[in-house]
Every structure is written in structure tokens, then in C-alpha cells.
Amino acid sequence: MLISGGGSNLRALLDRTRDSDFPVRVVAVGADRDAPGLDHAREAGIPTFVVDYGAFASRAEWGEALAERLREHAADAIVLSGLMRLLPDAVVAEFAPRIINTHPAHLPEFPGAHAVRDALAAGVSETGASVIVVDDGVDSGPILARERVPIEPGDTEDTLHDRIKLVERRLLERVLLDLVEGHVEIQENR
Ligand code: GRF
């Protein structure tokens, strides 16, 4: 799993993987900075790694270092949840279609890094949560799961995002189960 922030979705997944009936295990957690969420993995005794974006001269070089760490851990799937970096095309090409991303909007609505803020600003009555396969676009890959989330009067970015994350976590668990049980087939980017 790759994060950049507080990792509340990571924490929720770690909690779920403690259930013996859930056939998914987190093998490592990586970040592009010393993300606070890495503590959830450390507390669970799960290997962590930081590939500090600022330590590299380019996104491509950062990507090469990240790919090396991903190869080491050889996960069946790479879950982005709160990674606030676009993966270089070479990284996507190497690991696709085994990279999935959670996004706090009903894609293709509100792609990009400010989905929650953008939905609030748009004045719509509902937004959503999505889980997609990462391709070399921005939040443009095949949609594996998505669900509408209402926007309530008085919502702030935080109250809305918290409501969305609850749905994201449920969708991510569903998608991971579907992947493990072989219910997902990706062909020609569909
Ligand atoms: C999630 O909404 C995820 O979809 C988005 O960033 C948020 C990460 O939240 N890309 P957290 O760090 O797991 O709390």
C-alpha cells in the first residue's frame, strides 16, 4: 500500500486483515515522505519504506527508486490510498494492471488531487467514492467499484471527506476480495 498522509484508509484495511476470514494481507506500506500513516504499519509490525520525493532530481528517478522497493516486496497488488503523487509511466507500465487507487469522487466526476473540495465548490447534492485500476492518466483507468455519497447541508471538506472515506474503505475491501476470488478481469483497459 502506498500513502502520503494520515493513512486512515490503511488503518481500516489493517484492522480488516486481522480477521482470519479476510484473505488479504498487507505486506508492506510505502510513502513518498515520512507520512504519519506509516505509524499504523509500524504498530502492526509491517515493513515500511520511504522513497522521499524531494531526494530525487526528477519524478522519473523517484519512480525508479520506488519501483525497486515495490519489486522487493513483490505484492500481488499495489493499493494507492492517499498517495499524492502521480506514478511515472514506467512504474505504471511495469506493474499494471495490478495497481489500484481509491479516489474520493464518483469518477469520472472530479478527478485530480482536490476532488472533495471540487465537489463542494460545484454545489452538487451528491458526489461519491471510486476504486479504479491505475493507468497512465489521472484517475482515468477502468472503474472497479464506485458508489454515490450524499453531500449534506453544512458539510465542510473534512466532514464530507470522512463520509466518503467510509465508503471508500468498504469498496476497497470488496475490490480486494473480487481480485483474490478472481472476479475481476481487465482487458484492453476495460
Ligand atoms: C482518501 O480519500 C483517498 O481516496 C485519497 O486520499 C485520501 C487518503 O486518506 N486519495 P487517508 O490518508 O487514508 O486518511
# chains A, B, ... in the order shown; residues from 1 in each chain; ligands from 1
call {"tool": "residues_near_ligand", "arguments": {"ligand": "ligand 1", "cutoff": "6 Å", "atoms": "only C-alpha atoms and all ligand atoms", "output": "PDB file with C-alpha atoms, in the first residue's frame"}}
result
ATOM      1  CA  GLY A   5      -0.924  11.217   4.550  1.00  0.00           C
ATOM      2  CA  GLY A   6      -2.643  10.092   7.725  1.00  0.00           C
ATOM      3  CA  GLY A   7      -3.478   6.648   6.385  1.00  0.00           C
ATOM      4  CA  SER A   8      -6.928   6.243   7.902  1.00  0.00           C
ATOM      5  CA  ASN A   9      -7.907   4.001   4.976  1.00  0.00           C
ATOM      6  CA  LEU A  10      -4.711   1.997   5.553  1.00  0.00           C
ATOM      7  CA  SER A  81      -4.728   5.253  -0.896  1.00  0.00           C
ATOM      8  CA  GLY A  82      -3.774   8.817  -0.331  1.00  0.00           C
ATOM      9  CA  THR A 102      -9.089   4.845  -4.216  1.00  0.00           C
ATOM     10  CA  HIS A 103     -10.499   8.223  -5.189  1.00  0.00           C
ATOM     11  CA  PRO A 104     -12.942  10.366  -3.165  1.00  0.00           C
ATOM     12  CA  LYS A 165     -13.747   7.509   3.203  1.00  0.00           C
TER      13      LYS A 165
END
call {"tool": "residues_around", "arguments": {"residues": "segment 33-44 of chain A", "least_positions_apart": "6", "cutoff": "12 Å", "atoms": "only C-alpha atoms", "output": "PyMOL selection string"}}
result
chain A and resi 1-15+17-18+25-27+50-56+62+66+81-85
call {"tool": "write_last_selection", "arguments": {"atoms": "N, CA, C and O atoms", "output": "short mmCIF file (atom, residue, chain, number, x, y, z; two decimals), in the first residue's frame"}}
result
data_model
loop_
_atom_site.label_atom_id
_atom_site.label_comp_id
_atom_site.auth_asym_id
_atom_site.auth_seq_id
_atom_site.Cartn_x
_atom_site.Cartn_y
_atom_site.Cartn_z
N MET A 1 0.84 -1.14 0.00
CA MET A 1 0.00 0.00 0.00
C MET A 1 0.90 1.23 0.00
O MET A 1 1.96 1.24 0.61
N LEU A 2 0.49 2.24 -0.78
CA LEU A 2 1.28 3.47 -0.87
C LEU A 2 0.43 4.63 -0.39
O LEU A 2 -0.71 4.79 -0.81
N ILE A 3 0.99 5.41 0.51
CA ILE A 3 0.26 6.55 1.11
C ILE A 3 1.13 7.79 1.10
O ILE A 3 2.34 7.72 0.82
N SER A 4 0.51 8.91 1.44
CA SER A 4 1.27 10.16 1.67
C SER A 4 0.82 10.86 2.94
O SER A 4 1.47 11.79 3.39
N GLY A 5 -0.35 10.42 3.46
CA GLY A 5 -0.92 11.22 4.55
C GLY A 5 -1.16 10.42 5.81
O GLY A 5 -0.35 9.61 6.22
N GLY A 6 -2.33 10.67 6.42
CA GLY A 6 -2.64 10.09 7.73
C GLY A 6 -2.94 8.61 7.70
O GLY A 6 -2.83 7.92 8.72
N GLY A 7 -3.29 8.09 6.52
CA GLY A 7 -3.48 6.65 6.38
C GLY A 7 -4.67 6.07 7.12
O GLY A 7 -4.62 4.94 7.59
N SER A 8 -5.75 6.82 7.22
CA SER A 8 -6.93 6.24 7.90
C SER A 8 -7.51 5.07 7.10
O SER A 8 -7.99 4.10 7.68
N ASN A 9 -7.43 5.15 5.77
CA ASN A 9 -7.91 4.00 4.98
C ASN A 9 -6.98 2.81 5.17
O ASN A 9 -7.42 1.67 5.25
N LEU A 10 -5.67 3.08 5.27
CA LEU A 10 -4.71 2.00 5.55
C LEU A 10 -5.04 1.36 6.89
O LEU A 10 -5.10 0.13 7.02
N ARG A 11 -5.30 2.21 7.88
CA ARG A 11 -5.58 1.67 9.22
C ARG A 11 -6.82 0.79 9.19
O ARG A 11 -6.85 -0.31 9.76
N ALA A 12 -7.83 1.24 8.46
CA ALA A 12 -9.07 0.44 8.36
C ALA A 12 -8.78 -0.90 7.70
O ALA A 12 -9.27 -1.95 8.14
N LEU A 13 -7.95 -0.90 6.65
CA LEU A 13 -7.64 -2.16 5.96
C LEU A 13 -6.82 -3.07 6.88
O LEU A 13 -7.06 -4.27 6.96
N LEU A 14 -5.88 -2.49 7.59
CA LEU A 14 -5.08 -3.31 8.53
C LEU A 14 -5.99 -3.96 9.57
O LEU A 14 -5.84 -5.14 9.89
N ASP A 15 -6.97 -3.18 10.06
CA ASP A 15 -7.90 -3.75 11.04
C ASP A 15 -8.65 -4.93 10.42
O ASP A 15 -8.80 -5.98 11.02
N THR A 17 -7.75 -6.83 7.94
CA THR A 17 -6.92 -8.01 7.63
C THR A 17 -6.62 -8.84 8.87
O THR A 17 -6.09 -9.93 8.78
N ARG A 18 -6.99 -8.30 10.04
CA ARG A 18 -6.80 -9.11 11.26
C ARG A 18 -7.86 -10.21 11.34
O ARG A 18 -7.69 -11.19 12.06
N ARG A 25 -3.59 -9.79 2.90
CA ARG A 25 -2.63 -9.30 3.90
C ARG A 25 -1.84 -8.14 3.31
O ARG A 25 -1.52 -8.15 2.13
N VAL A 26 -1.57 -7.15 4.14
CA VAL A 26 -0.73 -6.03 3.71
C VAL A 26 0.72 -6.46 3.95
O VAL A 26 1.09 -6.77 5.09
N VAL A 27 1.52 -6.49 2.88
CA VAL A 27 2.90 -6.99 3.04
C VAL A 27 3.90 -5.86 3.29
O VAL A 27 4.98 -6.08 3.84
N VAL A 50 10.24 4.48 2.83
CA VAL A 50 10.01 5.85 2.36
C VAL A 50 10.93 6.09 1.17
O VAL A 50 12.15 5.84 1.25
N VAL A 51 10.35 6.49 0.06
CA VAL A 51 11.15 6.94 -1.09
C VAL A 51 10.87 8.43 -1.20
O VAL A 51 9.84 8.83 -1.78
N ASP A 52 11.72 9.21 -0.58
CA ASP A 52 11.47 10.64 -0.40
C ASP A 52 11.53 11.38 -1.74
O ASP A 52 12.59 11.51 -2.34
N TYR A 53 10.37 11.88 -2.14
CA TYR A 53 10.28 12.52 -3.46
C TYR A 53 11.31 13.65 -3.58
O TYR A 53 11.95 13.84 -4.61
N GLY A 54 11.49 14.38 -2.48
CA GLY A 54 12.39 15.55 -2.52
C GLY A 54 13.85 15.18 -2.65
O GLY A 54 14.69 16.04 -2.91
N ALA A 55 14.17 13.89 -2.49
CA ALA A 55 15.58 13.49 -2.55
C ALA A 55 16.02 13.16 -3.97
O ALA A 55 17.18 12.80 -4.18
N PHE A 56 15.09 13.28 -4.92
CA PHE A 56 15.43 12.89 -6.30
C PHE A 56 15.34 14.09 -7.24
O PHE A 56 14.54 15.00 -7.01
N TRP A 62 12.73 9.27 -9.11
CA TRP A 62 11.96 8.85 -7.93
C TRP A 62 11.21 7.56 -8.24
O TRP A 62 11.21 6.61 -7.46
N LEU A 66 11.31 3.94 -6.45
CA LEU A 66 10.06 3.38 -5.92
C LEU A 66 9.82 1.99 -6.49
O LEU A 66 9.51 1.04 -5.76
N SER A 81 -3.61 4.64 -1.62
CA SER A 81 -4.73 5.25 -0.90
C SER A 81 -4.21 6.49 -0.19
O SER A 81 -3.71 6.44 0.93
N GLY A 82 -4.30 7.58 -0.89
CA GLY A 82 -3.77 8.82 -0.33
C GLY A 82 -2.36 9.10 -0.79
O GLY A 82 -1.69 9.96 -0.25
N LEU A 83 -1.88 8.35 -1.81
CA LEU A 83 -0.59 8.73 -2.38
C LEU A 83 -0.82 9.97 -3.23
O LEU A 83 -1.59 9.94 -4.20
N MET A 84 -0.20 11.06 -2.85
CA MET A 84 -0.47 12.32 -3.54
C MET A 84 0.59 12.60 -4.60
O MET A 84 1.10 13.70 -4.72
N ARG A 85 0.97 11.55 -5.33
CA ARG A 85 1.93 11.69 -6.43
C ARG A 85 1.39 10.90 -7.62
O ARG A 85 0.87 9.80 -7.42
#
call {"tool": "select_by_dssp", "arguments": {"residues": "segment 108-187 of chain A", "states": "alpha helix (DSSP H)", "output": "number ranges by chain"}}
result
A: 115-122, 157-180
call {"tool": "atom_distance", "arguments": {"atom1": "atom CA of Val138 of chain A", "atom2": "atom CA of Leu70 of chain A"}}
result
20.7 Å
call {"tool": "atom_distance", "arguments": {"atom1": "atom CA of Leu86 of chain A", "atom2": "atom CA of Gly63 of chain A"}}
result
9.6 Å
call {"tool": "atom_distance", "arguments": {"atom1": "atom CA of His114 of chain A", "atom2": "atom CA of Ile186 of chain A"}}
result
27.5 Å
call {"tool": "residues_around", "arguments": {"residues": "Ile78 of chain A", "least_positions_apart": "4", "cutoff": "7 Å", "atoms": "only C-alpha atoms", "output": "PyMOL selection string"}}
result
chain A and resi 1+98-100
call {"tool": "residues_around", "arguments": {"residues": "Ala93 of chain A", "least_positions_apart": "4", "cutoff": "9 Å", "atoms": "only C-alpha atoms", "output": "ChimeraX atom specification"}}
result
/A:88-89,97,135-136
call {"tool": "select_by_dssp", "arguments": {"residues": "segment 26-182 of chain A", "states": "strand (DSSP E or B)", "output": "ChimeraX atom specification"}}
result
/A:29-31,48-50,78-80,99-103,126-133,143-150
call {"tool": "write_last_selection", "arguments": {"atoms": "N, CA, C and O atoms", "output": "CSV table (one decimal), in the first residue's frame"}}
result
chain,number,residue,atom,x,y,z
A,29,VAL,N,4.1,-1.2,3.5
A,29,VAL,CA,3.5,0.2,3.3
A,29,VAL,C,4.6,1.1,2.9
A,29,VAL,O,5.6,1.2,3.6
A,30,GLY,N,4.4,1.8,1.8
A,30,GLY,CA,5.4,2.8,1.4
A,30,GLY,C,4.9,4.2,1.3
A,30,GLY,O,3.6,4.3,1.2
A,31,ALA,N,5.7,5.2,1.2
A,31,ALA,CA,5.3,6.6,1.1
A,31,ALA,C,6.4,7.4,0.4
A,31,ALA,O,7.5,7.0,0.3
A,48,THR,N,7.9,-1.1,6.4
A,48,THR,CA,7.6,0.2,5.7
A,48,THR,C,8.8,0.7,5.0
A,48,THR,O,9.9,0.3,5.3
A,49,PHE,N,8.5,1.6,4.0
A,49,PHE,CA,9.7,2.2,3.3
A,49,PHE,C,9.3,3.6,2.9
A,49,PHE,O,8.1,3.9,2.6
A,50,VAL,N,10.2,4.5,2.8
A,50,VAL,CA,10.0,5.9,2.4
A,50,VAL,C,10.9,6.1,1.2
A,50,VAL,O,12.1,5.8,1.3
A,78,ILE,N,-0.8,-3.5,-5.8
A,78,ILE,CA,-0.3,-2.3,-5.1
A,78,ILE,C,-1.5,-1.4,-5.0
A,78,ILE,O,-2.2,-1.0,-6.0
A,79,VAL,N,-1.8,-1.0,-3.7
A,79,VAL,CA,-3.0,-0.2,-3.5
A,79,VAL,C,-2.5,1.2,-3.1
A,79,VAL,O,-1.8,1.4,-2.2
A,80,LEU,N,-3.0,2.2,-3.9
A,80,LEU,CA,-2.7,3.6,-3.6
A,80,LEU,C,-3.9,4.2,-2.8
A,80,LEU,O,-5.0,4.0,-3.2
A,99,ILE,N,-2.1,-2.2,-10.1
A,99,ILE,CA,-2.1,-1.0,-9.3
A,99,ILE,C,-3.5,-0.5,-9.2
A,99,ILE,O,-4.2,-0.3,-10.2
A,100,ILE,N,-4.1,-0.4,-8.0
A,100,ILE,CA,-5.4,0.1,-7.9
A,100,ILE,C,-5.4,1.4,-6.9
A,100,ILE,O,-4.5,1.5,-6.1
A,101,ASN,N,-6.4,2.3,-7.2
A,101,ASN,CA,-6.4,3.5,-6.5
A,101,ASN,C,-7.7,3.8,-5.9
A,101,ASN,O,-8.8,3.5,-6.6
A,102,THR,N,-7.8,4.4,-4.8
A,102,THR,CA,-9.1,4.8,-4.2
A,102,THR,C,-9.1,6.3,-4.5
A,102,THR,O,-8.1,7.1,-4.4
A,103,HIS,N,-10.4,6.8,-4.9
A,103,HIS,CA,-10.5,8.2,-5.2
A,103,HIS,C,-11.8,8.7,-4.6
A,103,HIS,O,-12.9,8.1,-4.7
A,126,GLU,N,-24.7,15.5,-4.5
A,126,GLU,CA,-24.0,14.2,-4.1
A,126,GLU,C,-22.7,14.1,-4.9
A,126,GLU,O,-22.5,14.7,-6.0
A,127,THR,N,-21.8,13.3,-4.4
A,127,THR,CA,-20.5,13.0,-5.0
A,127,THR,C,-20.3,11.5,-4.9
A,127,THR,O,-21.3,10.8,-5.2
A,128,GLY,N,-19.2,11.0,-4.5
A,128,GLY,CA,-19.0,9.6,-4.5
A,128,GLY,C,-17.7,9.1,-4.1
A,128,GLY,O,-16.8,9.9,-3.7
A,129,ALA,N,-17.5,7.8,-4.2
A,129,ALA,CA,-16.2,7.2,-3.9
A,129,ALA,C,-15.9,6.2,-5.0
A,129,ALA,O,-16.9,5.6,-5.5
A,130,SER,N,-14.7,6.0,-5.4
A,130,SER,CA,-14.4,5.1,-6.5
A,130,SER,C,-13.1,4.3,-6.2
A,130,SER,O,-12.2,4.8,-5.5
A,131,VAL,N,-13.0,3.1,-6.8
A,131,VAL,CA,-11.8,2.3,-6.8
A,131,VAL,C,-11.5,2.0,-8.3
A,131,VAL,O,-12.4,1.5,-9.0
A,132,ILE,N,-10.3,2.4,-8.7
A,132,ILE,CA,-10.0,2.2,-10.2
A,132,ILE,C,-8.7,1.5,-10.3
A,132,ILE,O,-7.9,1.4,-9.4
A,133,VAL,N,-8.5,1.0,-11.6
A,133,VAL,CA,-7.2,0.5,-12.0
A,133,VAL,C,-6.4,1.7,-12.4
A,133,VAL,O,-6.9,2.5,-13.2
A,143,ILE,N,-12.9,1.5,-14.0
A,143,ILE,CA,-13.6,1.7,-12.7
A,143,ILE,C,-14.0,0.3,-12.2
A,143,ILE,O,-14.7,-0.5,-12.8
A,144,LEU,N,-13.4,-0.1,-11.0
A,144,LEU,CA,-13.7,-1.4,-10.4
A,144,LEU,C,-14.9,-1.4,-9.5
A,144,LEU,O,-15.6,-2.3,-9.3
A,145,ALA,N,-15.1,-0.2,-8.9
A,145,ALA,CA,-16.2,0.0,-7.9
A,145,ALA,C,-16.4,1.5,-7.7
A,145,ALA,O,-15.5,2.2,-7.8
A,146,ARG,N,-17.7,1.9,-7.6
A,146,ARG,CA,-18.0,3.3,-7.2
A,146,ARG,C,-19.3,3.3,-6.6
A,146,ARG,O,-20.2,2.5,-6.9
A,147,GLU,N,-19.5,4.3,-5.8
A,147,GLU,CA,-20.8,4.5,-5.1
A,147,GLU,C,-21.1,5.9,-4.8
A,147,GLU,O,-20.1,6.7,-4.5
A,148,ARG,N,-22.3,6.3,-4.9
A,148,ARG,CA,-22.7,7.7,-4.6
A,148,ARG,C,-22.6,8.0,-3.1
A,148,ARG,O,-22.8,7.1,-2.3
A,149,VAL,N,-22.2,9.2,-2.8
A,149,VAL,CA,-22.1,9.7,-1.4
A,149,VAL,C,-22.8,11.0,-1.3
A,149,VAL,O,-22.5,11.9,-2.1
A,150,PRO,N,-23.8,11.2,-0.4
A,150,PRO,CA,-24.6,12.5,-0.4
A,150,PRO,C,-23.7,13.6,0.2
A,150,PRO,O,-22.9,13.3,1.1
call {"tool": "closest_residue", "arguments": {"among": "A:Arg59, A:His106, A:His183, A:Arg117", "to": "Glu168 of chain A", "atoms": "only C-alpha atoms"}}
result
A:His106
call {"tool": "decode", "arguments": {"residues": "segment 30-114 of chain A", "atoms": "C-alpha atoms", "output": "PDB file, in the first residue's frame"}}
result
ATOM      1  CA  GLY A  30       5.440   2.781   1.369  1.00  0.00           C
ATOM      2  CA  ALA A  31       5.289   6.554   1.138  1.00  0.00           C
ATOM      3  CA  ASP A  32       6.836   9.433  -0.788  1.00  0.00           C
ATOM      4  CA  ARG A  33       7.604  11.171   2.508  1.00  0.00           C
ATOM      5  CA  ASP A  34       7.657  10.327   6.196  1.00  0.00           C
ATOM      6  CA  ALA A  35       3.866  10.111   6.176  1.00  0.00           C
ATOM      7  CA  PRO A  36       2.134   9.967   9.587  1.00  0.00           C
ATOM      8  CA  GLY A  37       0.150   6.958   8.362  1.00  0.00           C
ATOM      9  CA  LEU A  38       3.302   4.833   8.321  1.00  0.00           C
ATOM     10  CA  ASP A  39       2.909   4.548  12.086  1.00  0.00           C
ATOM     11  CA  HIS A  40      -0.158   2.323  11.571  1.00  0.00           C
ATOM     12  CA  ALA A  41       2.040  -0.155   9.686  1.00  0.00           C
ATOM     13  CA  ARG A  42       4.880   0.091  12.215  1.00  0.00           C
ATOM     14  CA  GLU A  43       2.450  -0.620  15.067  1.00  0.00           C
ATOM     15  CA  ALA A  44       1.225  -3.664  13.129  1.00  0.00           C
ATOM     16  CA  GLY A  45       4.795  -4.888  12.586  1.00  0.00           C
ATOM     17  CA  ILE A  46       4.500  -4.466   8.813  1.00  0.00           C
ATOM     18  CA  PRO A  47       7.590  -3.402   6.811  1.00  0.00           C
ATOM     19  CA  THR A  48       7.560   0.228   5.718  1.00  0.00           C
ATOM     20  CA  PHE A  49       9.657   2.212   3.318  1.00  0.00           C
ATOM     21  CA  VAL A  50      10.014   5.853   2.355  1.00  0.00           C
ATOM     22  CA  VAL A  51      11.155   6.937  -1.085  1.00  0.00           C
ATOM     23  CA  ASP A  52      11.474  10.641  -0.396  1.00  0.00           C
ATOM     24  CA  TYR A  53      10.284  12.525  -3.456  1.00  0.00           C
ATOM     25  CA  GLY A  54      12.394  15.546  -2.522  1.00  0.00           C
ATOM     26  CA  ALA A  55      15.582  13.488  -2.548  1.00  0.00           C
ATOM     27  CA  PHE A  56      15.427  12.888  -6.299  1.00  0.00           C
ATOM     28  CA  ALA A  57      16.228  15.193  -9.196  1.00  0.00           C
ATOM     29  CA  SER A  58      13.174  14.094 -11.186  1.00  0.00           C
ATOM     30  CA  ARG A  59       9.900  12.216 -10.987  1.00  0.00           C
ATOM     31  CA  ALA A  60      11.436   9.559 -13.264  1.00  0.00           C
ATOM     32  CA  GLU A  61      14.336   8.923 -10.867  1.00  0.00           C
ATOM     33  CA  TRP A  62      11.958   8.853  -7.933  1.00  0.00           C
ATOM     34  CA  GLY A  63       9.880   6.342  -9.862  1.00  0.00           C
ATOM     35  CA  GLU A  64      12.886   4.103 -10.490  1.00  0.00           C
ATOM     36  CA  ALA A  65      13.706   4.030  -6.789  1.00  0.00           C
ATOM     37  CA  LEU A  66      10.057   3.377  -5.921  1.00  0.00           C
ATOM     38  CA  ALA A  67       9.835   0.541  -8.452  1.00  0.00           C
ATOM     39  CA  GLU A  68      12.868  -1.091  -6.868  1.00  0.00           C
ATOM     40  CA  ARG A  69      11.159  -1.131  -3.463  1.00  0.00           C
ATOM     41  CA  LEU A  70       7.943  -2.441  -4.993  1.00  0.00           C
ATOM     42  CA  ARG A  71       9.879  -5.273  -6.682  1.00  0.00           C
ATOM     43  CA  GLU A  72      11.457  -6.180  -3.343  1.00  0.00           C
ATOM     44  CA  HIS A  73       8.061  -6.706  -1.712  1.00  0.00           C
ATOM     45  CA  ALA A  74       6.547  -8.424  -4.769  1.00  0.00           C
ATOM     46  CA  ALA A  75       2.966  -7.767  -3.707  1.00  0.00           C
ATOM     47  CA  ASP A  76       0.115  -9.248  -5.750  1.00  0.00           C
ATOM     48  CA  ALA A  77      -1.469  -5.811  -5.900  1.00  0.00           C
ATOM     49  CA  ILE A  78      -0.340  -2.298  -5.123  1.00  0.00           C
ATOM     50  CA  VAL A  79      -3.022  -0.162  -3.465  1.00  0.00           C
ATOM     51  CA  LEU A  80      -2.706   3.617  -3.599  1.00  0.00           C
ATOM     52  CA  SER A  81      -4.728   5.253  -0.896  1.00  0.00           C
ATOM     53  CA  GLY A  82      -3.774   8.817  -0.331  1.00  0.00           C
ATOM     54  CA  LEU A  83      -0.586   8.729  -2.381  1.00  0.00           C
ATOM     55  CA  MET A  84      -0.468  12.315  -3.544  1.00  0.00           C
ATOM     56  CA  ARG A  85       1.930  11.689  -6.430  1.00  0.00           C
ATOM     57  CA  LEU A  86       1.285  10.646  -9.996  1.00  0.00           C
ATOM     58  CA  LEU A  87       3.247   7.488 -10.745  1.00  0.00           C
ATOM     59  CA  PRO A  88       5.652   7.820 -13.671  1.00  0.00           C
ATOM     60  CA  ASP A  89       4.542   5.972 -16.808  1.00  0.00           C
ATOM     61  CA  ALA A  90       7.431   3.491 -16.417  1.00  0.00           C
ATOM     62  CA  VAL A  91       6.154   2.446 -12.985  1.00  0.00           C
ATOM     63  CA  VAL A  92       2.589   2.083 -14.222  1.00  0.00           C
ATOM     64  CA  ALA A  93       3.811   0.096 -17.248  1.00  0.00           C
ATOM     65  CA  GLU A  94       5.808  -2.278 -15.048  1.00  0.00           C
ATOM     66  CA  PHE A  95       3.070  -3.064 -12.533  1.00  0.00           C
ATOM     67  CA  ALA A  96      -0.175  -2.500 -14.442  1.00  0.00           C
ATOM     68  CA  PRO A  97      -2.890  -3.621 -14.143  1.00  0.00           C
ATOM     69  CA  ARG A  98      -2.030  -4.603 -10.573  1.00  0.00           C
ATOM     70  CA  ILE A  99      -2.105  -1.025  -9.257  1.00  0.00           C
ATOM     71  CA  ILE A 100      -5.444   0.141  -7.856  1.00  0.00           C
ATOM     72  CA  ASN A 101      -6.357   3.537  -6.486  1.00  0.00           C
ATOM     73  CA  THR A 102      -9.089   4.845  -4.216  1.00  0.00           C
ATOM     74  CA  HIS A 103     -10.499   8.223  -5.189  1.00  0.00           C
ATOM     75  CA  PRO A 104     -12.942  10.366  -3.165  1.00  0.00           C
ATOM     76  CA  ALA A 105     -15.362  11.111  -6.025  1.00  0.00           C
ATOM     77  CA  HIS A 106     -17.723   9.305  -8.411  1.00  0.00           C
ATOM     78  CA  LEU A 107     -15.295   9.062 -11.335  1.00  0.00           C
ATOM     79  CA  PRO A 108     -15.119  10.327 -13.967  1.00  0.00           C
ATOM     80  CA  GLU A 109     -16.515  13.247 -11.963  1.00  0.00           C
ATOM     81  CA  PHE A 110     -13.940  15.344 -10.094  1.00  0.00           C
ATOM     82  CA  PRO A 111     -10.613  13.674 -10.964  1.00  0.00           C
ATOM     83  CA  GLY A 112      -7.374  15.003  -9.509  1.00  0.00           C
ATOM     84  CA  ALA A 113      -5.982  15.956  -6.147  1.00  0.00           C
ATOM     85  CA  HIS A 114      -8.865  18.153  -4.871  1.00  0.00           C
TER      86      HIS A 114
END
